>>> print(open('target_25.pdb').read())   # PDB, C-alpha atoms
ATOM      1  CA  TYR F   2       7.222 -12.078  14.593  1.00  0.00           C
ATOM      2  CA  ARG F   3       5.878 -15.590  14.064  1.00  0.00           C
ATOM      3  CA  ARG F   4       5.638 -16.104  17.838  1.00  0.00           C
ATOM      4  CA  MET F   5       3.427 -13.013  17.986  1.00  0.00           C
ATOM      5  CA  MET F   6       1.016 -14.271  15.324  1.00  0.00           C
ATOM      6  CA  VAL F   7      -2.390 -15.460  16.447  1.00  0.00           C
ATOM      7  CA  ASN F   8      -3.268 -18.638  14.524  1.00  0.00           C
ATOM      8  CA  PRO F   9      -0.081 -18.678  12.411  1.00  0.00           C
ATOM      9  CA  GLU F  10      -1.504 -21.542  10.344  1.00  0.00           C
ATOM     10  CA  ASN F  11      -3.845 -18.963   8.766  1.00  0.00           C
ATOM     11  CA  PHE F  12      -0.946 -16.965   7.324  1.00  0.00           C
ATOM     12  CA  LEU F  13       1.165 -17.517   4.255  1.00  0.00           C
ATOM     13  CA  VAL F  14       4.507 -15.747   4.731  1.00  0.00           C
ATOM     14  CA  HIS F  15       7.019 -15.357   1.914  1.00  0.00           C
ATOM     15  CA  ASN F  16      10.304 -14.196   3.408  1.00  0.00           C
ATOM     16  CA  GLU F  17      12.496 -14.479   0.350  1.00  0.00           C
ATOM     17  CA  PHE F  18      13.933 -12.610  -2.604  1.00  0.00           C
ATOM     18  CA  VAL F  19      11.192 -11.637  -5.042  1.00  0.00           C
ATOM     19  CA  SER F  20      12.152 -11.194  -8.680  1.00  0.00           C
ATOM     20  CA  ASN F  21      10.798  -8.294 -10.728  1.00  0.00           C
ATOM     21  CA  GLU F  22       8.585 -10.736 -12.611  1.00  0.00           C
ATOM     22  CA  LYS F  23       7.128 -12.202  -9.411  1.00  0.00           C
ATOM     23  CA  ARG F  24       6.669  -8.713  -7.950  1.00  0.00           C
ATOM     24  CA  ALA F  25       4.739  -7.666 -11.054  1.00  0.00           C
ATOM     25  CA  GLU F  26       2.548 -10.763 -10.809  1.00  0.00           C
ATOM     26  CA  LEU F  27       1.802 -10.179  -7.126  1.00  0.00           C
ATOM     27  CA  PHE F  28       0.882  -6.529  -7.625  1.00  0.00           C
ATOM     28  CA  ARG F  29      -1.267  -7.286 -10.673  1.00  0.00           C
ATOM     29  CA  ARG F  30      -3.201  -9.867  -8.637  1.00  0.00           C
ATOM     30  CA  ALA F  31      -3.574  -7.614  -5.582  1.00  0.00           C
ATOM     31  CA  SER F  32      -6.590  -5.412  -4.997  1.00  0.00           C
ATOM     32  CA  VAL F  33      -4.842  -3.102  -2.547  1.00  0.00           C
ATOM     33  CA  ALA F  34      -1.439  -2.706  -0.854  1.00  0.00           C
ATOM     34  CA  VAL F  35      -1.632  -2.784   2.949  1.00  0.00           C
ATOM     35  CA  LEU F  36       1.317  -1.513   4.994  1.00  0.00           C
ATOM     36  CA  PRO F  37       0.627  -1.743   8.746  1.00  0.00           C
ATOM     37  CA  TYR F  38       3.970  -0.298   9.860  1.00  0.00           C
ATOM     38  CA  ILE F  39       4.594   0.514  13.509  1.00  0.00           C
ATOM     39  CA  GLU F  40       7.568   2.705  12.526  1.00  0.00           C
ATOM     40  CA  ALA F  41       8.779   3.872   9.123  1.00  0.00           C
ATOM     41  CA  THR F  42      10.476   6.879   7.603  1.00  0.00           C
ATOM     42  CA  GLN F  43       9.230   6.033   4.113  1.00  0.00           C
ATOM     43  CA  SER F  44       8.287   3.000   2.046  1.00  0.00           C
ATOM     44  CA  GLY F  45       9.533   1.905  -1.343  1.00  0.00           C
ATOM     45  CA  VAL F  46       6.436  -0.277  -1.619  1.00  0.00           C
ATOM     46  CA  ILE F  47       4.185   2.761  -2.084  1.00  0.00           C
ATOM     47  CA  PRO F  48       5.596   3.921  -5.443  1.00  0.00           C
ATOM     48  CA  VAL F  49       5.596   0.306  -6.630  1.00  0.00           C
ATOM     49  CA  ALA F  50       1.917  -0.008  -5.697  1.00  0.00           C
ATOM     50  CA  TYR F  51       1.211   3.231  -7.559  1.00  0.00           C
ATOM     51  CA  THR F  52       3.051   1.843 -10.608  1.00  0.00           C
ATOM     52  CA  TYR F  53       0.429  -0.910 -10.742  1.00  0.00           C
ATOM     53  CA  ALA F  54      -2.427   1.528  -9.981  1.00  0.00           C
ATOM     54  CA  LYS F  55      -3.083  -0.019  -6.574  1.00  0.00           C
ATOM     55  CA  PRO F  56      -4.395   2.068  -3.686  1.00  0.00           C
ATOM     56  CA  VAL F  57      -2.377   1.954  -0.473  1.00  0.00           C
ATOM     57  CA  ILE F  58      -3.621   1.578   3.080  1.00  0.00           C
ATOM     58  CA  ALA F  59      -0.903   2.379   5.597  1.00  0.00           C
ATOM     59  CA  THR F  60      -0.401   3.497   9.136  1.00  0.00           C
ATOM     60  CA  GLU F  61       0.147   7.177   9.767  1.00  0.00           C
ATOM     61  CA  VAL F  62       3.801   6.996  10.812  1.00  0.00           C
ATOM     62  CA  GLY F  63       7.017   8.715   9.758  1.00  0.00           C
ATOM     63  CA  GLY F  64       7.012   9.997   6.202  1.00  0.00           C
ATOM     64  CA  LEU F  65       4.162   7.799   4.955  1.00  0.00           C
ATOM     65  CA  PRO F  66       1.580  10.622   5.095  1.00  0.00           C
ATOM     66  CA  ALA F  67       3.775  12.515   2.603  1.00  0.00           C
ATOM     67  CA  GLN F  68       3.535   9.559   0.212  1.00  0.00           C
ATOM     68  CA  ILE F  69      -0.178   8.802   0.607  1.00  0.00           C
ATOM     69  CA  GLU F  70      -2.940  11.355   0.145  1.00  0.00           C
ATOM     70  CA  HIS F  71      -5.675  10.154   2.494  1.00  0.00           C
ATOM     71  CA  GLY F  72      -8.869   9.623   0.522  1.00  0.00           C
ATOM     72  CA  ARG F  73      -7.168  10.344  -2.800  1.00  0.00           C
ATOM     73  CA  THR F  74      -4.456   7.684  -3.302  1.00  0.00           C
ATOM     74  CA  GLY F  75      -5.326   5.470  -0.347  1.00  0.00           C
ATOM     75  CA  PHE F  76      -6.086   5.600   3.346  1.00  0.00           C
ATOM     76  CA  LEU F  77      -4.017   6.362   6.433  1.00  0.00           C
ATOM     77  CA  VAL F  78      -4.930   4.786   9.756  1.00  0.00           C
ATOM     78  CA  PRO F  79      -3.471   5.178  13.241  1.00  0.00           C
ATOM     79  CA  PRO F  80      -0.670   2.743  14.080  1.00  0.00           C
ATOM     80  CA  ARG F  81      -1.692  -0.293  16.138  1.00  0.00           C
ATOM     81  CA  ASP F  82      -5.384   0.347  15.406  1.00  0.00           C
ATOM     82  CA  GLU F  83      -6.447  -3.022  14.041  1.00  0.00           C
ATOM     83  CA  LYS F  84     -10.096  -1.980  13.801  1.00  0.00           C
ATOM     84  CA  ALA F  85      -9.356   1.098  11.668  1.00  0.00           C
ATOM     85  CA  LEU F  86      -7.015  -0.945   9.470  1.00  0.00           C
ATOM     86  CA  ALA F  87      -9.611  -3.680   8.963  1.00  0.00           C
ATOM     87  CA  GLU F  88     -12.347  -1.137   8.218  1.00  0.00           C
ATOM     88  CA  ALA F  89     -10.197   0.567   5.575  1.00  0.00           C
ATOM     89  CA  VAL F  90      -9.358  -2.758   3.913  1.00  0.00           C
ATOM     90  CA  VAL F  91     -12.973  -3.929   3.889  1.00  0.00           C
ATOM     91  CA  HIS F  92     -14.148  -0.544   2.603  1.00  0.00           C
ATOM     92  CA  LEU F  93     -11.844  -0.700  -0.419  1.00  0.00           C
ATOM     93  CA  LEU F  94     -12.500  -4.370  -1.108  1.00  0.00           C
ATOM     94  CA  ARG F  95     -16.250  -3.704  -1.172  1.00  0.00           C
ATOM     95  CA  ASP F  96     -16.066  -0.536  -3.289  1.00  0.00           C
ATOM     96  CA  LYS F  97     -14.479  -1.486  -6.604  1.00  0.00           C
ATOM     97  CA  GLU F  98     -15.079   1.930  -8.172  1.00  0.00           C
ATOM     98  CA  LEU F  99     -13.367   3.773  -5.310  1.00  0.00           C
ATOM     99  CA  ARG F 100     -10.535   1.232  -5.276  1.00  0.00           C
ATOM    100  CA  HIS F 101      -9.891   1.785  -8.970  1.00  0.00           C
ATOM    101  CA  GLN F 102     -10.142   5.579  -8.636  1.00  0.00           C
ATOM    102  CA  LEU F 103      -7.650   5.717  -5.761  1.00  0.00           C
ATOM    103  CA  GLY F 104      -5.305   3.423  -7.686  1.00  0.00           C
ATOM    104  CA  ALA F 105      -5.549   5.622 -10.774  1.00  0.00           C
ATOM    105  CA  ASN F 106      -4.883   8.703  -8.631  1.00  0.00           C
ATOM    106  CA  GLY F 107      -1.789   7.047  -7.182  1.00  0.00           C
ATOM    107  CA  LYS F 108      -0.460   6.186 -10.633  1.00  0.00           C
ATOM    108  CA  GLN F 109      -1.107   9.747 -11.783  1.00  0.00           C
ATOM    109  CA  ARG F 110       0.703  11.140  -8.730  1.00  0.00           C
ATOM    110  CA  LEU F 111       3.649   8.811  -9.344  1.00  0.00           C
ATOM    111  CA  GLU F 112       3.973  10.002 -12.930  1.00  0.00           C
ATOM    112  CA  ALA F 113       3.537  13.691 -12.019  1.00  0.00           C
ATOM    113  CA  GLU F 114       5.844  13.821  -8.988  1.00  0.00           C
ATOM    114  CA  TRP F 115       8.198  10.823  -8.921  1.00  0.00           C
ATOM    115  CA  SER F 116       8.868   9.925 -12.551  1.00  0.00           C
ATOM    116  CA  ALA F 117      12.358  10.426 -13.971  1.00  0.00           C
ATOM    117  CA  GLU F 118      11.059  13.428 -15.917  1.00  0.00           C
ATOM    118  CA  ALA F 119       9.493  15.030 -12.842  1.00  0.00           C
ATOM    119  CA  VAL F 120      12.577  14.445 -10.691  1.00  0.00           C
ATOM    120  CA  ALA F 121      14.846  15.881 -13.412  1.00  0.00           C
ATOM    121  CA  LYS F 122      12.910  19.156 -13.340  1.00  0.00           C
TER     122      LYS F 122
END
>>> encode(input="target_25.pdb", output="structure tokens")
Amino acid sequence: YRRMMVNPENFLVHNEFVSNEKRAELFRRASVAVLPYIEATQSGVIPVAYTYAKPVIATEVGGLPAQIEHGRTGFLVPPRDEKALAEAVVHLLRDKELRHQLGANGKQRLEAEWSAEAVAK
């Protein structure tokens, strides 16, 4: 993937094990989780983002639309559509109130549908 990167010096890539503590720090510092998958059946990152009340922007592939409610817990964009992805990111970064509302909705959905209590029912 590095050979495919345009201006790789502008990227900071961490390809390593991330401890729970480091993961928590990264999600607390993040404004939004962005998942530009080309293919995916599902993503374990989405429930983690919801745990930290972070909205998710992802491509509309595989099972991701079942995990993200477009306009309620985040945004879905077409795969390989860099313009739509960038617009969604900029939109959420500029609108703090919407960003916080979508994050809160994601956390609420996580607790209602994917918590241990909800799964046990």
>>> resolve_selection(input="target_25.pdb", expression="the PyMOL selection byres ((chain F and resi 87) around 12)", output="JSON, numbers by chain")
{"F": [35, 36, 37, 58, 59, 60, 76, 77, 78, 79, 81, 82, 83, 84, 85, 86, 88, 89, 90, 91, 92, 93, 94]}
>>> resolve_selection(input="target_25.pdb", expression="the PyMOL selection byres ((chain F and resi 42) around 8)", output="list in words")
Glu40, Ala41, Gln43, Ser44, Val62, Gly63, Gly64 and Leu65 of chain F
>>> resolve_selection(input="target_25.pdb", expression="the PyMOL selection byres ((chain F and resi 25) around 12)", output="ChimeraX atom specification")
/F:19-24,26-31,49-55
>>> atom_distance(input="target_25.pdb", atom1="atom CA of F:Pro48", atom2="atom CA of F:Ile69")
9.7 Å
>>> closest_residue(input="target_25.pdb", among="F:Leu103, F:Phe12, F:Met6, F:Glu17", to="F:Val33", atoms="all atoms listed in the file")
F:Leu103
>>> closest_residue(input="target_25.pdb", among="F:His101, F:Arg95, F:Gly75, F:Gln68", to="F:Trp115", atoms="all atoms listed in the file")
F:Gln68
>>> atom_distance(input="target_25.pdb", atom1="atom CA of F:His15", atom2="atom CA of F:Gly45")
17.7 Å
>>> atom_distance(input="target_25.pdb", atom1="atom CA of F:His71", atom2="atom CA of F:Pro56")
10.3 Å
>>> build_atoms(input="target_25.pdb", residues="stretch 55-83 of chain F", atoms="N, CA and C atoms", output="mmCIF file, in the coordinates of the input")
data_model
loop_
_atom_site.group_PDB
_atom_site.id
_atom_site.type_symbol
_atom_site.label_atom_id
_atom_site.label_comp_id
_atom_site.auth_asym_id
_atom_site.auth_seq_id
_atom_site.Cartn_x
_atom_site.Cartn_y
_atom_site.Cartn_z
ATOM 1 N N LYS F 55 -2.470 0.580 -7.757
ATOM 2 C CA LYS F 55 -3.083 -0.019 -6.574
ATOM 3 C C LYS F 55 -3.159 1.019 -5.465
ATOM 4 N N PRO F 56 -4.312 1.164 -4.831
ATOM 5 C CA PRO F 56 -4.395 2.068 -3.686
ATOM 6 C C PRO F 56 -3.604 1.492 -2.516
ATOM 7 N N VAL F 57 -3.197 2.369 -1.611
ATOM 8 C CA VAL F 57 -2.377 1.954 -0.473
ATOM 9 C C VAL F 57 -3.093 2.309 0.826
ATOM 10 N N ILE F 58 -3.151 1.347 1.717
ATOM 11 C CA ILE F 58 -3.621 1.578 3.080
ATOM 12 C C ILE F 58 -2.400 1.408 3.970
ATOM 13 N N ALA F 59 -2.094 2.439 4.745
ATOM 14 C CA ALA F 59 -0.903 2.379 5.597
ATOM 15 C C ALA F 59 -1.167 3.092 6.909
ATOM 16 N N THR F 60 -0.317 2.809 7.860
ATOM 17 C CA THR F 60 -0.401 3.497 9.136
ATOM 18 C C THR F 60 0.233 4.881 9.012
ATOM 19 N N GLU F 61 -0.285 5.779 9.813
ATOM 20 C CA GLU F 61 0.147 7.177 9.767
ATOM 21 C C GLU F 61 1.389 7.352 10.637
ATOM 22 N N VAL F 62 2.529 6.909 10.090
ATOM 23 C CA VAL F 62 3.801 6.996 10.812
ATOM 24 C C VAL F 62 4.867 7.583 9.892
ATOM 25 N N GLY F 63 5.868 8.208 10.508
ATOM 26 C CA GLY F 63 7.017 8.715 9.758
ATOM 27 C C GLY F 63 6.623 9.549 8.555
ATOM 28 N N GLY F 64 7.256 9.248 7.426
ATOM 29 C CA GLY F 64 7.012 9.997 6.202
ATOM 30 C C GLY F 64 5.902 9.437 5.331
ATOM 31 N N LEU F 65 5.201 8.401 5.792
ATOM 32 C CA LEU F 65 4.162 7.799 4.955
ATOM 33 C C LEU F 65 3.040 8.769 4.591
ATOM 34 N N PRO F 66 2.611 9.670 5.497
ATOM 35 C CA PRO F 66 1.580 10.622 5.095
ATOM 36 C C PRO F 66 2.005 11.533 3.938
ATOM 37 N N ALA F 67 3.304 11.720 3.744
ATOM 38 C CA ALA F 67 3.775 12.515 2.603
ATOM 39 C C ALA F 67 3.665 11.725 1.304
ATOM 40 N N GLN F 68 3.609 10.401 1.399
ATOM 41 C CA GLN F 68 3.535 9.559 0.212
ATOM 42 C C GLN F 68 2.102 9.176 -0.145
ATOM 43 N N ILE F 69 1.206 9.222 0.821
ATOM 44 C CA ILE F 69 -0.178 8.802 0.607
ATOM 45 C C ILE F 69 -1.096 9.978 0.889
ATOM 46 N N GLU F 70 -1.933 10.318 -0.062
ATOM 47 C CA GLU F 70 -2.940 11.355 0.145
ATOM 48 C C GLU F 70 -4.209 10.656 0.616
ATOM 49 N N HIS F 71 -4.522 10.830 1.897
ATOM 50 C CA HIS F 71 -5.675 10.154 2.494
ATOM 51 C C HIS F 71 -6.957 10.485 1.724
ATOM 52 N N GLY F 72 -7.627 9.448 1.262
ATOM 53 C CA GLY F 72 -8.869 9.623 0.522
ATOM 54 C C GLY F 72 -8.676 9.895 -0.952
ATOM 55 N N ARG F 73 -7.433 10.084 -1.380
ATOM 56 C CA ARG F 73 -7.168 10.344 -2.800
ATOM 57 C C ARG F 73 -6.327 9.231 -3.438
ATOM 58 N N THR F 74 -5.283 8.772 -2.761
ATOM 59 C CA THR F 74 -4.456 7.684 -3.302
ATOM 60 C C THR F 74 -4.508 6.448 -2.402
ATOM 61 N N GLY F 75 -5.201 6.569 -1.292
ATOM 62 C CA GLY F 75 -5.326 5.470 -0.347
ATOM 63 C C GLY F 75 -5.864 5.978 0.967
ATOM 64 N N PHE F 76 -5.617 5.215 2.018
ATOM 65 C CA PHE F 76 -6.086 5.600 3.346
ATOM 66 C C PHE F 76 -4.958 5.477 4.355
ATOM 67 N N LEU F 77 -4.947 6.401 5.306
ATOM 68 C CA LEU F 77 -4.017 6.362 6.433
ATOM 69 C C LEU F 77 -4.809 6.049 7.692
ATOM 70 N N VAL F 78 -4.271 5.159 8.507
ATOM 71 C CA VAL F 78 -4.930 4.786 9.756
ATOM 72 C C VAL F 78 -3.918 4.916 10.891
ATOM 73 N N PRO F 79 -4.400 5.085 12.112
ATOM 74 C CA PRO F 79 -3.471 5.178 13.241
ATOM 75 C C PRO F 79 -2.692 3.874 13.424
ATOM 76 N N PRO F 80 -1.429 3.972 13.827
ATOM 77 C CA PRO F 80 -0.670 2.743 14.080
ATOM 78 C C PRO F 80 -1.291 1.950 15.230
ATOM 79 N N ARG F 81 -1.193 0.641 15.122
ATOM 80 C CA ARG F 81 -1.692 -0.293 16.138
ATOM 81 C C ARG F 81 -3.209 -0.247 16.309
ATOM 82 N N ASP F 82 -3.917 0.303 15.342
ATOM 83 C CA ASP F 82 -5.384 0.347 15.406
ATOM 84 C C ASP F 82 -5.931 -0.689 14.429
ATOM 85 N N GLU F 83 -6.031 -1.917 14.901
ATOM 86 C CA GLU F 83 -6.447 -3.022 14.041
ATOM 87 C C GLU F 83 -7.838 -2.802 13.466
#
